[in-house]
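Here the structure comes first, spelled out in structure tokens, and everything after it is commentary.
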Amino acid sequence: MKNSKIKLMQGNEACVEGAIAAGMKFYGGYPITPSTEIAEFSAIKLPLVGGKFIQMEDEIAGIAAAIGGSLAGLKSMTATSGPGFSLKQENLGYAAIAEIPLVIVNVQRGGPSTGLPTAPAQADVMQAKWGTHGDHPTIALSPSSVKETFDLTVRAFNLAEKYRTPVIILTDEIVGHMREKIEIPDASELEIIDRKRPGNNEENYMPYRVREGELVPPMAAYGDGYRFHVTGLMHDETGFPSNSSENAEKLLDRLMEKIDNNLDDIIEYEEYMVEDAEIVVISYGSTARSAKSAIKQLRSQGIKVGLFRPITVWPFPEERVYELSQKVKSIVVAEMNLGQIVLEVERIVKGNCEIALVGKANGEVITPEEIVNKLKEVL
Amino acid sequence: MTSKLIKDYFRTDKLPHIWCPGCGHGIMMRSVAQAIHNLGLDKDKVCIVSGIGCSSRAPGYMDFNTLHTTHGRALAFATGVKLARPELEVMVITGDGDCAAIGGNHLIHAARRNINITTIVFNNNIYGMTGGQYSPTTPTNEFGTTAPYGNIDKSFDIPELAGAAGATYTARGTAYHAKQLTKIVENGIKNKGFSLIEGISICPTYYGRKNRKGSIVDMMNWLKDNALDIKVASKLPEEKVKGKFLIGEFKNVTEPEYTEEYMKIIERFQKER
């Protein structure tokens with residue numbers, strides 16, 4: 001089996017494999033546990049494909065350099081964990097308003113502050129959506145396995161390029177550090193999306209002018225001959241600052257609509273035994289593995305439970321969760337925090353069913369038994 | 001009448017600029033454009049990056065690839081652009097607060113890497129955009145809205161800081177000595193490595209008014225009378241140098257450049273294939 005594509009690989013390494021497969025050519029970052037392997041593998045792999053790696057002086061500079069790389073035309077990524085994710089919020093907002101395709105990986109660890117550097121958590125879910133100031137669209141994906149880390153990294157690049165927006169991969173210490181069997185697909189098997197560029201000899205190129213019926217403007221690269229301006233200020237379609245409230249509203253509407261009008265394309269989830277379920281567990285990332293195990297145990301006892309696993313955490317699969325809430329008796333949310341996605345679920349189901357939380361933020365994983373116990377309690 | 005330089009290198013539809021009457025920034029922005037013209041650079045291959053503040057509005061007026069970033073981060077963004085596309089002539093226009101306070105870390109590390117970026121600091125000794133707070137270059141005992149009883153901070157010598165951190169070209173000019181400033185910006189661009197040029201500007205609206213520096217003409221005359229070329233200073237007795245500030249070229253050395261060193265790594269693997 002010398003040429004076997006099947007490998008034993010760590011989640012963080014699979015992330016870099018996925019990024020390279022998606023066409024990553026630039027990485028700017030700063031070392032932080034438990035995401036450091038993503039920087040290390042990027043440093044090894046990028047020069048081999050003619051790409052660039054740079055270890056910057058801090059987390060803020062890491063994302064800033066990645067944005068610069070993207071503006072110069074290269075698919076770019078940065079990776080971090082909690083404390084670094086806090087620092088990256090400033091330029092995450094910049095990437096949102098300036099519409100920079102960019103992938104930001106957050107291998108979540110216990111917080112707040114320095115917290116528990118080597119222990120898993122899922123407590124940055126709300127920060128991913130609300131961490132940077134101002135209204136802005138958010139796409140965040142949450143893998144549950146090593147293979148899915150590969151797949152979602154490819155998808156994160158595709159979504160970033162397609163919608164000209166930063167995309168967050170919200171993984172966690174468990175998925176990032178565990179090793180699993182993975183079969184790396186051939187390049188020919190992957191759908192790779194590149195950002196739309198201005199047409200040949202496009203006269204009067206404007207970096208934020210959308211074509212008729214579209215929401216995402218084509219993006220030129222610095223050095224291609226278009227000499228455009230990019231700013232974090234509110235700007236009009238020319239890219240230059242504008243103080244007009246009418247323009248600000250128009251820009252923000254478009255930024256939100258390019259995501260909100262494409263939910264079917266962006267949202268992915270997995271359902272496991274939900275058809276006849278009386279109770280549905282909503283869980284994501286590594287915790288969803290414990291949830292699935294709990295469901296298997298209870299199903300073997302004839303108890304009708306199922307799993308709903310958001311793969312796209314933001315935008316949250318609102319419509320489907322609402323539908324489920326009309327059919328089930330209870331929803332149990334299991335997450336490694338003290339209650340974040342459960343708030344979103346409560347908001348969505350509007351009292352249609354009971355809601356319970358299995359929340360934990362002490363650095364220990366949520367076990368199948370803990371979920372089983374909660375499910376028995378709500379039965 | 002609009003000069004040819006303005007027509008050729010500026011986005012004339014974005015002018016007039018937002019700077020106050022008497023601000024030195026316009027003169028220094030012109031010096032930067034003049035330097036680019038003198039070197040015959042291709043406008044499509046020049047990228048000018050800035051942060052936040054009065055200085056950092058300059059790129060918006062300049063007809064190149066321009067990037068107005070977040071406060072202090074211009075050099076970090078510029079590093080990404082330069083490494084991703086080394087054939088671009090990347091320049092940074094920044095201010096004393098943007099570059100030496102919030103962006104101080106990025107400054108010393110860009111200098112340490114000796115990445116081929118030419119940085120021009122428009123130093124007006126104050127935070128102008130926010131209304132006159134003391135900056136890292138406000139002299140001790142002078143005033144700002146946040147130093148109502150006199151500034152007790154010491155100020156940074158930005159070229160010295162950058163030189164000590166590894167910049168291979170450092171120099172200082174002023175808004176008064178516009179021709180000399182053009183020349184040192186040219187030399188900074190020609191240096192294959194990190195260049196730091198400080199341009200001493202004047203801010204009559206905030207720094208000048210808070211510190212009773214007189215009229216715009218008085219402030220310009222102060223630059224003229226107090227700047228001393230380093231070449232001249234070396235020949236003068238100490239008492240004639242005391243109290244003046246030095247202008248001219250302070251450091252000009254050759255060291256390996258960052259993006260070239262990185263390309264060597266890439267080429268090594270391409271050869272092995």
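By order in the structure tokens, chains are A, B, ...; within a chain, residues start at 1; ligands start at 1, following the order shown.
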Write out as an MDAnalysis selection string which residues come within 12 Å of A:Ile366 when counting only C-alpha atoms, dropping same-chain ones fewer than 4 positions away.
chainID A and resid 120:122 174 283:294 333:338 357:362 370:374
Could you write out as a ChimeraX atom specification the residues of chain B within 7 Å of chain A, counting only C-alpha atoms?
/B:44-45,60,63-70,73,76-81,84-85,88,106,109,265-266,269
What would the file look like if the residues just selected were written as a PDB file, in the first residue's frame with N, CA and C atoms?
```pdb
ATOM      1  N   ASP B  44       1.253  51.609 -11.945  1.00  0.00           N
ATOM      2  CA  ASP B  44       0.522  50.359 -11.691  1.00  0.00           C
ATOM      3  C   ASP B  44       1.288  49.432 -10.748  1.00  0.00           C
ATOM      4  N   LYS B  45       2.577  49.685 -10.599  1.00  0.00           N
ATOM      5  CA  LYS B  45       3.403  48.794  -9.779  1.00  0.00           C
ATOM      6  C   LYS B  45       3.796  49.435  -8.453  1.00  0.00           C
ATOM      7  N   GLY B  60      -5.318  58.155  -0.352  1.00  0.00           N
ATOM      8  CA  GLY B  60      -6.597  58.328  -1.041  1.00  0.00           C
ATOM      9  C   GLY B  60      -6.531  59.334  -2.178  1.00  0.00           C
ATOM     10  N   ASP B  63      -2.679  58.541  -7.078  1.00  0.00           N
ATOM     11  CA  ASP B  63      -3.166  57.633  -8.115  1.00  0.00           C
ATOM     12  C   ASP B  63      -2.275  56.402  -8.281  1.00  0.00           C
ATOM     13  N   PHE B  64      -2.300  55.559  -7.261  1.00  0.00           N
ATOM     14  CA  PHE B  64      -1.542  54.310  -7.296  1.00  0.00           C
ATOM     15  C   PHE B  64      -2.461  53.204  -6.769  1.00  0.00           C
ATOM     16  N   ASN B  65      -1.924  52.031  -6.511  1.00  0.00           N
ATOM     17  CA  ASN B  65      -2.673  51.025  -5.761  1.00  0.00           C
ATOM     18  C   ASN B  65      -2.621  51.485  -4.312  1.00  0.00           C
ATOM     19  N   THR B  66      -3.771  51.783  -3.699  1.00  0.00           N
ATOM     20  CA  THR B  66      -3.714  52.399  -2.373  1.00  0.00           C
ATOM     21  C   THR B  66      -4.559  51.646  -1.359  1.00  0.00           C
ATOM     22  N   LEU B  67      -4.058  51.608  -0.136  1.00  0.00           N
ATOM     23  CA  LEU B  67      -4.684  50.805   0.918  1.00  0.00           C
ATOM     24  C   LEU B  67      -4.670  51.592   2.233  1.00  0.00           C
ATOM     25  N   HIS B  68      -5.850  51.976   2.672  1.00  0.00           N
ATOM     26  CA  HIS B  68      -6.033  52.737   3.913  1.00  0.00           C
ATOM     27  C   HIS B  68      -6.486  51.737   4.965  1.00  0.00           C
ATOM     28  N   THR B  69      -5.629  51.389   5.905  1.00  0.00           N
ATOM     29  CA  THR B  69      -5.893  50.238   6.784  1.00  0.00           C
ATOM     30  C   THR B  69      -6.391  50.674   8.159  1.00  0.00           C
ATOM     31  N   THR B  70      -6.141  49.852   9.168  1.00  0.00           N
ATOM     32  CA  THR B  70      -6.555  50.163  10.539  1.00  0.00           C
ATOM     33  C   THR B  70      -5.415  50.889  11.269  1.00  0.00           C
ATOM     34  N   ARG B  73      -1.564  49.705  11.780  1.00  0.00           N
ATOM     35  CA  ARG B  73      -1.285  48.408  11.150  1.00  0.00           C
ATOM     36  C   ARG B  73      -0.749  48.497   9.726  1.00  0.00           C
ATOM     37  N   ALA B  76       2.029  46.171   8.776  1.00  0.00           N
ATOM     38  CA  ALA B  76       1.680  44.748   8.773  1.00  0.00           C
ATOM     39  C   ALA B  76       0.935  44.390   7.485  1.00  0.00           C
ATOM     40  N   PHE B  77      -0.006  45.232   7.063  1.00  0.00           N
ATOM     41  CA  PHE B  77      -0.697  45.012   5.782  1.00  0.00           C
ATOM     42  C   PHE B  77       0.320  45.087   4.632  1.00  0.00           C
ATOM     43  N   ALA B  78       1.179  46.110   4.702  1.00  0.00           N
ATOM     44  CA  ALA B  78       2.149  46.328   3.630  1.00  0.00           C
ATOM     45  C   ALA B  78       3.101  45.139   3.505  1.00  0.00           C
ATOM     46  N   THR B  79       3.452  44.541   4.642  1.00  0.00           N
ATOM     47  CA  THR B  79       4.322  43.361   4.637  1.00  0.00           C
ATOM     48  C   THR B  79       3.664  42.228   3.859  1.00  0.00           C
ATOM     49  N   GLY B  80       2.341  42.066   4.057  1.00  0.00           N
ATOM     50  CA  GLY B  80       1.608  41.037   3.320  1.00  0.00           C
ATOM     51  C   GLY B  80       1.609  41.304   1.825  1.00  0.00           C
ATOM     52  N   VAL B  81       1.339  42.554   1.454  1.00  0.00           N
ATOM     53  CA  VAL B  81       1.312  42.910   0.025  1.00  0.00           C
ATOM     54  C   VAL B  81       2.688  42.661  -0.596  1.00  0.00           C
ATOM     55  N   ALA B  84       3.609  38.943  -0.798  1.00  0.00           N
ATOM     56  CA  ALA B  84       2.781  38.255  -1.793  1.00  0.00           C
ATOM     57  C   ALA B  84       3.203  38.638  -3.209  1.00  0.00           C
ATOM     58  N   ARG B  85       3.600  39.890  -3.392  1.00  0.00           N
ATOM     59  CA  ARG B  85       3.915  40.374  -4.750  1.00  0.00           C
ATOM     60  C   ARG B  85       5.150  41.265  -4.700  1.00  0.00           C
ATOM     61  N   LEU B  88       6.040  44.619  -6.645  1.00  0.00           N
ATOM     62  CA  LEU B  88       5.431  45.922  -6.359  1.00  0.00           C
ATOM     63  C   LEU B  88       6.377  46.780  -5.524  1.00  0.00           C
ATOM     64  N   HIS B 106       4.939  46.975  15.003  1.00  0.00           N
ATOM     65  CA  HIS B 106       5.057  46.634  13.575  1.00  0.00           C
ATOM     66  C   HIS B 106       6.270  47.347  12.960  1.00  0.00           C
ATOM     67  N   HIS B 109       9.573  45.553  13.867  1.00  0.00           N
ATOM     68  CA  HIS B 109       9.710  44.227  13.240  1.00  0.00           C
ATOM     69  C   HIS B 109       9.851  44.311  11.727  1.00  0.00           C
ATOM     70  N   ILE B 265      14.285  30.421  -0.827  1.00  0.00           N
ATOM     71  CA  ILE B 265      13.746  29.166  -0.274  1.00  0.00           C
ATOM     72  C   ILE B 265      12.840  28.501  -1.306  1.00  0.00           C
ATOM     73  N   ILE B 266      11.954  29.308  -1.921  1.00  0.00           N
ATOM     74  CA  ILE B 266      11.039  28.755  -2.930  1.00  0.00           C
ATOM     75  C   ILE B 266      11.837  28.172  -4.098  1.00  0.00           C
ATOM     76  N   PHE B 269      13.352  24.700  -3.737  1.00  0.00           N
ATOM     77  CA  PHE B 269      12.465  23.560  -3.946  1.00  0.00           C
ATOM     78  C   PHE B 269      12.100  23.388  -5.410  1.00  0.00           C
TER      79      PHE B 269
END
```
Could you name the residues that touch B:Ser3 at 12 Å or less, counting only C-alpha atoms, but leaving out those on the same chain fewer than 3 positions away, as a list in words?
Ile6, Lys7, Asp8, Tyr9, Phe10, Thr12, Arg30 and Gln34 of chain B
As a PyMOL selection string, please: every residue in stretch 263-372 of chain A that DSSP puts in alpha helix (DSSP H).
chain A and resi 263-266+287-300+318-327+341-349+368-372
Write out as a compact mmCIF listing (two decimals) with N, CA and C atoms, in the first residue's frame the set of residues from stretch 148-270 of chain B that DSSP, computed on the backbone, places in strand (DSSP E).
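Everything below was put into states-v1.txt:
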```
# COMPACT_ATOMS: atom_id res chain seq x y z
N TYR B 169 18.04 51.93 5.73
CA TYR B 169 18.12 53.33 5.31
C TYR B 169 17.26 54.16 6.25
N THR B 170 17.85 55.18 6.88
CA THR B 170 17.05 56.09 7.71
C THR B 170 17.46 57.52 7.39
N ALA B 171 16.48 58.38 7.44
CA ALA B 171 16.75 59.79 7.12
C ALA B 171 15.64 60.66 7.71
N ARG B 172 15.92 61.95 7.76
CA ARG B 172 14.89 62.90 8.22
C ARG B 172 14.90 64.12 7.31
N GLY B 173 13.72 64.60 7.00
CA GLY B 173 13.57 65.84 6.26
C GLY B 173 12.49 66.67 6.92
N THR B 174 12.12 67.75 6.29
CA THR B 174 11.03 68.55 6.85
C THR B 174 10.13 69.06 5.73
N SER B 195 13.32 51.11 4.55
CA SER B 195 13.74 52.51 4.65
C SER B 195 12.75 53.26 5.51
N LEU B 196 13.28 54.07 6.40
CA LEU B 196 12.43 54.88 7.27
C LEU B 196 12.82 56.34 7.10
N ILE B 197 11.88 57.12 6.60
CA ILE B 197 12.11 58.54 6.41
C ILE B 197 11.13 59.31 7.27
N GLU B 198 11.67 60.11 8.14
CA GLU B 198 10.79 60.95 8.96
C GLU B 198 10.71 62.33 8.32
N GLY B 199 9.51 62.79 8.09
CA GLY B 199 9.32 64.14 7.58
C GLY B 199 8.69 64.98 8.68
N ILE B 200 9.40 66.00 9.13
CA ILE B 200 8.82 66.84 10.20
C ILE B 200 7.83 67.80 9.55
N ALA B 227 16.50 73.17 11.88
CA ALA B 227 16.97 71.92 11.27
C ALA B 227 18.42 72.12 10.84
N LEU B 228 19.23 71.12 11.15
CA LEU B 228 20.65 71.22 10.82
C LEU B 228 21.04 69.95 10.06
N ASP B 229 21.59 70.13 8.87
CA ASP B 229 21.98 68.94 8.11
C ASP B 229 23.11 68.20 8.82
N PHE B 245 17.75 70.23 15.59
CA PHE B 245 17.51 68.82 15.26
C PHE B 245 18.13 68.52 13.91
N LEU B 246 18.57 67.27 13.77
CA LEU B 246 19.32 66.89 12.57
C LEU B 246 18.41 66.43 11.44
N ILE B 247 18.77 66.83 10.25
CA ILE B 247 18.11 66.29 9.06
C ILE B 247 19.17 65.70 8.15
N GLY B 248 18.72 64.97 7.12
CA GLY B 248 19.66 64.32 6.20
C GLY B 248 19.63 62.80 6.36
N GLU B 249 20.63 62.16 5.78
CA GLU B 249 20.69 60.69 5.80
C GLU B 249 21.51 60.21 6.98
N PHE B 250 20.92 59.34 7.79
CA PHE B 250 21.60 58.85 8.99
C PHE B 250 22.22 57.47 8.79
N LYS B 251 21.56 56.65 8.00
CA LYS B 251 22.04 55.28 7.83
C LYS B 251 21.74 54.83 6.41
N ASN B 252 22.70 54.21 5.77
CA ASN B 252 22.50 53.69 4.42
C ASN B 252 23.45 52.52 4.23
```
Got a sec: who's within 8 Å of B:His71, counting only C-alpha atoms, leaving out chain neighbours fewer than 6 positions off, as a list in words?
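My reading of the contact set: Gly51, Ile52, Gly53, Asp98, Ile102 and Gly103 of chain B.
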What would the file look like if the residues just selected were written as an mmCIF file, in the first residue's frame with N, CA and C atoms?
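Just written: out.cif:
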```
data_model
loop_
_atom_site.group_PDB
_atom_site.id
_atom_site.type_symbol
_atom_site.label_atom_id
_atom_site.label_comp_id
_atom_site.auth_asym_id
_atom_site.auth_seq_id
_atom_site.Cartn_x
_atom_site.Cartn_y
_atom_site.Cartn_z
ATOM 1 N N GLY B 51 -2.165 53.972 7.592
ATOM 2 C CA GLY B 51 -2.932 53.542 8.758
ATOM 3 C C GLY B 51 -4.100 54.480 8.983
ATOM 4 N N ILE B 52 -4.131 55.083 10.165
ATOM 5 C CA ILE B 52 -5.218 56.007 10.503
ATOM 6 C C ILE B 52 -4.601 57.293 11.061
ATOM 7 N N GLY B 53 -5.211 58.390 10.731
ATOM 8 C CA GLY B 53 -4.745 59.686 11.205
ATOM 9 C C GLY B 53 -4.661 60.651 10.041
ATOM 10 N N ASP B 98 0.473 56.847 14.644
ATOM 11 C CA ASP B 98 0.192 55.614 13.901
ATOM 12 C C ASP B 98 1.413 54.699 13.878
ATOM 13 N N ILE B 102 0.739 53.202 18.485
ATOM 14 C CA ILE B 102 -0.045 51.969 18.262
ATOM 15 C C ILE B 102 0.630 51.025 17.277
ATOM 16 N N GLY B 103 1.436 51.574 16.375
ATOM 17 C CA GLY B 103 2.105 50.722 15.384
ATOM 18 C C GLY B 103 3.568 50.472 15.684
#
```
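For B:Met29, the set of protein, DNA and RNA residues having any atom at most 9 Å away, when counting only C-alpha atoms and skipping those fewer than 5 positions along the same chain, is Gly24, Gln34, Ser55, Ala58, Pro59, Met62, Ile93 and Phe122 of chain B.
Residues within 10 Å of B:Lys192, counting only C-alpha atoms and excluding same-chain residues fewer than 4 positions away, are Asn114, Ile115, Asn116, Ile117, Thr118, Thr168, Tyr169, Asn187, Gly188, Val253, Thr254, Glu255, Pro256, Glu257, Tyr258 and Glu260 of chain B.
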Keeping only N, CA, C and O atoms, write the selected residues to a file as a PDB file, in the first residue's frame.
```
ATOM      1  N   ASN B 114      14.107  43.825   7.505  1.00  0.00           N
ATOM      2  CA  ASN B 114      14.661  44.524   6.338  1.00  0.00           C
ATOM      3  C   ASN B 114      13.872  44.189   5.081  1.00  0.00           C
ATOM      4  O   ASN B 114      14.432  43.899   4.021  1.00  0.00           O
ATOM      5  N   ILE B 115      12.552  44.237   5.202  1.00  0.00           N
ATOM      6  CA  ILE B 115      11.686  44.012   4.035  1.00  0.00           C
ATOM      7  C   ILE B 115      11.658  45.296   3.222  1.00  0.00           C
ATOM      8  O   ILE B 115      11.672  46.408   3.777  1.00  0.00           O
ATOM      9  N   ASN B 116      11.672  45.144   1.907  1.00  0.00           N
ATOM     10  CA  ASN B 116      11.818  46.303   1.019  1.00  0.00           C
ATOM     11  C   ASN B 116      10.544  47.156   0.966  1.00  0.00           C
ATOM     12  O   ASN B 116       9.761  47.069   0.017  1.00  0.00           O
ATOM     13  N   ILE B 117      10.348  47.923   2.008  1.00  0.00           N
ATOM     14  CA  ILE B 117       9.216  48.852   2.094  1.00  0.00           C
ATOM     15  C   ILE B 117       9.794  50.210   2.470  1.00  0.00           C
ATOM     16  O   ILE B 117      10.654  50.300   3.341  1.00  0.00           O
ATOM     17  N   THR B 118       9.344  51.256   1.786  1.00  0.00           N
ATOM     18  CA  THR B 118       9.787  52.606   2.115  1.00  0.00           C
ATOM     19  C   THR B 118       8.701  53.282   2.939  1.00  0.00           C
ATOM     20  O   THR B 118       7.574  53.442   2.467  1.00  0.00           O
ATOM     21  N   THR B 168      17.694  49.591   7.006  1.00  0.00           N
ATOM     22  CA  THR B 168      18.981  49.782   6.341  1.00  0.00           C
ATOM     23  C   THR B 168      19.136  51.192   5.765  1.00  0.00           C
ATOM     24  O   THR B 168      20.215  51.578   5.343  1.00  0.00           O
ATOM     25  N   TYR B 169      18.037  51.926   5.734  1.00  0.00           N
ATOM     26  CA  TYR B 169      18.125  53.327   5.312  1.00  0.00           C
ATOM     27  C   TYR B 169      17.264  54.161   6.255  1.00  0.00           C
ATOM     28  O   TYR B 169      16.079  53.872   6.446  1.00  0.00           O
ATOM     29  N   ASN B 187      16.019  58.191  -2.434  1.00  0.00           N
ATOM     30  CA  ASN B 187      17.070  57.282  -1.958  1.00  0.00           C
ATOM     31  C   ASN B 187      16.492  56.143  -1.123  1.00  0.00           C
ATOM     32  O   ASN B 187      16.992  55.016  -1.170  1.00  0.00           O
ATOM     33  N   GLY B 188      15.457  56.467  -0.374  1.00  0.00           N
ATOM     34  CA  GLY B 188      14.786  55.433   0.420  1.00  0.00           C
ATOM     35  C   GLY B 188      14.172  54.373  -0.478  1.00  0.00           C
ATOM     36  O   GLY B 188      14.257  53.175  -0.208  1.00  0.00           O
ATOM     37  N   VAL B 253      22.956  51.321   4.534  1.00  0.00           N
ATOM     38  CA  VAL B 253      23.804  50.133   4.464  1.00  0.00           C
ATOM     39  C   VAL B 253      23.089  49.048   3.654  1.00  0.00           C
ATOM     40  O   VAL B 253      21.890  49.158   3.387  1.00  0.00           O
ATOM     41  N   THR B 254      23.827  48.036   3.273  1.00  0.00           N
ATOM     42  CA  THR B 254      23.231  46.942   2.508  1.00  0.00           C
ATOM     43  C   THR B 254      23.181  45.679   3.357  1.00  0.00           C
ATOM     44  O   THR B 254      24.180  45.286   3.946  1.00  0.00           O
ATOM     45  N   GLU B 255      21.980  45.096   3.432  1.00  0.00           N
ATOM     46  CA  GLU B 255      21.788  43.842   4.173  1.00  0.00           C
ATOM     47  C   GLU B 255      20.857  42.962   3.331  1.00  0.00           C
ATOM     48  O   GLU B 255      20.142  43.482   2.479  1.00  0.00           O
ATOM     49  N   PRO B 256      20.835  41.663   3.575  1.00  0.00           N
ATOM     50  CA  PRO B 256      19.906  40.797   2.819  1.00  0.00           C
ATOM     51  C   PRO B 256      18.457  41.281   2.999  1.00  0.00           C
ATOM     52  O   PRO B 256      18.064  41.674   4.094  1.00  0.00           O
ATOM     53  N   GLU B 257      17.704  41.254   1.890  1.00  0.00           N
ATOM     54  CA  GLU B 257      16.327  41.749   1.919  1.00  0.00           C
ATOM     55  C   GLU B 257      15.365  40.572   2.097  1.00  0.00           C
ATOM     56  O   GLU B 257      15.554  39.506   1.500  1.00  0.00           O
ATOM     57  N   TYR B 258      14.325  40.775   2.863  1.00  0.00           N
ATOM     58  CA  TYR B 258      13.447  39.683   3.302  1.00  0.00           C
ATOM     59  C   TYR B 258      12.809  38.903   2.157  1.00  0.00           C
ATOM     60  O   TYR B 258      12.874  37.675   2.116  1.00  0.00           O
ATOM     61  N   GLU B 260      13.562  38.681  -0.944  1.00  0.00           N
ATOM     62  CA  GLU B 260      14.555  37.973  -1.770  1.00  0.00           C
ATOM     63  C   GLU B 260      15.026  36.695  -1.075  1.00  0.00           C
ATOM     64  O   GLU B 260      15.235  35.671  -1.713  1.00  0.00           O
TER      65      GLU B 260
END
```
Could you list, as a ChimeraX atom specification, every residue within 6 Å of stretch 124-131 of chain B, counting only C-alpha atoms and ignoring same-chain residues fewer than 3 positions away?
/B:53-54,134-135,137-138,201-203,207
Just C-alpha atoms for this one: save the residues we selected as a JSON list (two decimals), in the first residue's frame.
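Listing of result10.json after writing:
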```
[["chain", "number", "residue", "atom", "x", "y", "z"],
["B", 53, "GLY", "CA", -4.75, 59.69, 11.20],
["B", 54, "CYS", "CA", -4.15, 62.89, 9.26],
["B", 134, "TYR", "CA", 0.16, 64.37, 22.90],
["B", 135, "SER", "CA", 1.90, 61.76, 20.76],
["B", 137, "THR", "CA", 6.97, 62.64, 19.46],
["B", 138, "THR", "CA", 5.47, 65.54, 21.40],
["B", 201, "SER", "CA", 5.50, 68.46, 9.42],
["B", 202, "ILE", "CA", 3.76, 71.40, 10.99],
["B", 203, "CYS", "CA", 0.33, 71.37, 12.63],
["B", 207, "TYR", "CA", 0.25, 71.53, 18.02]]
```
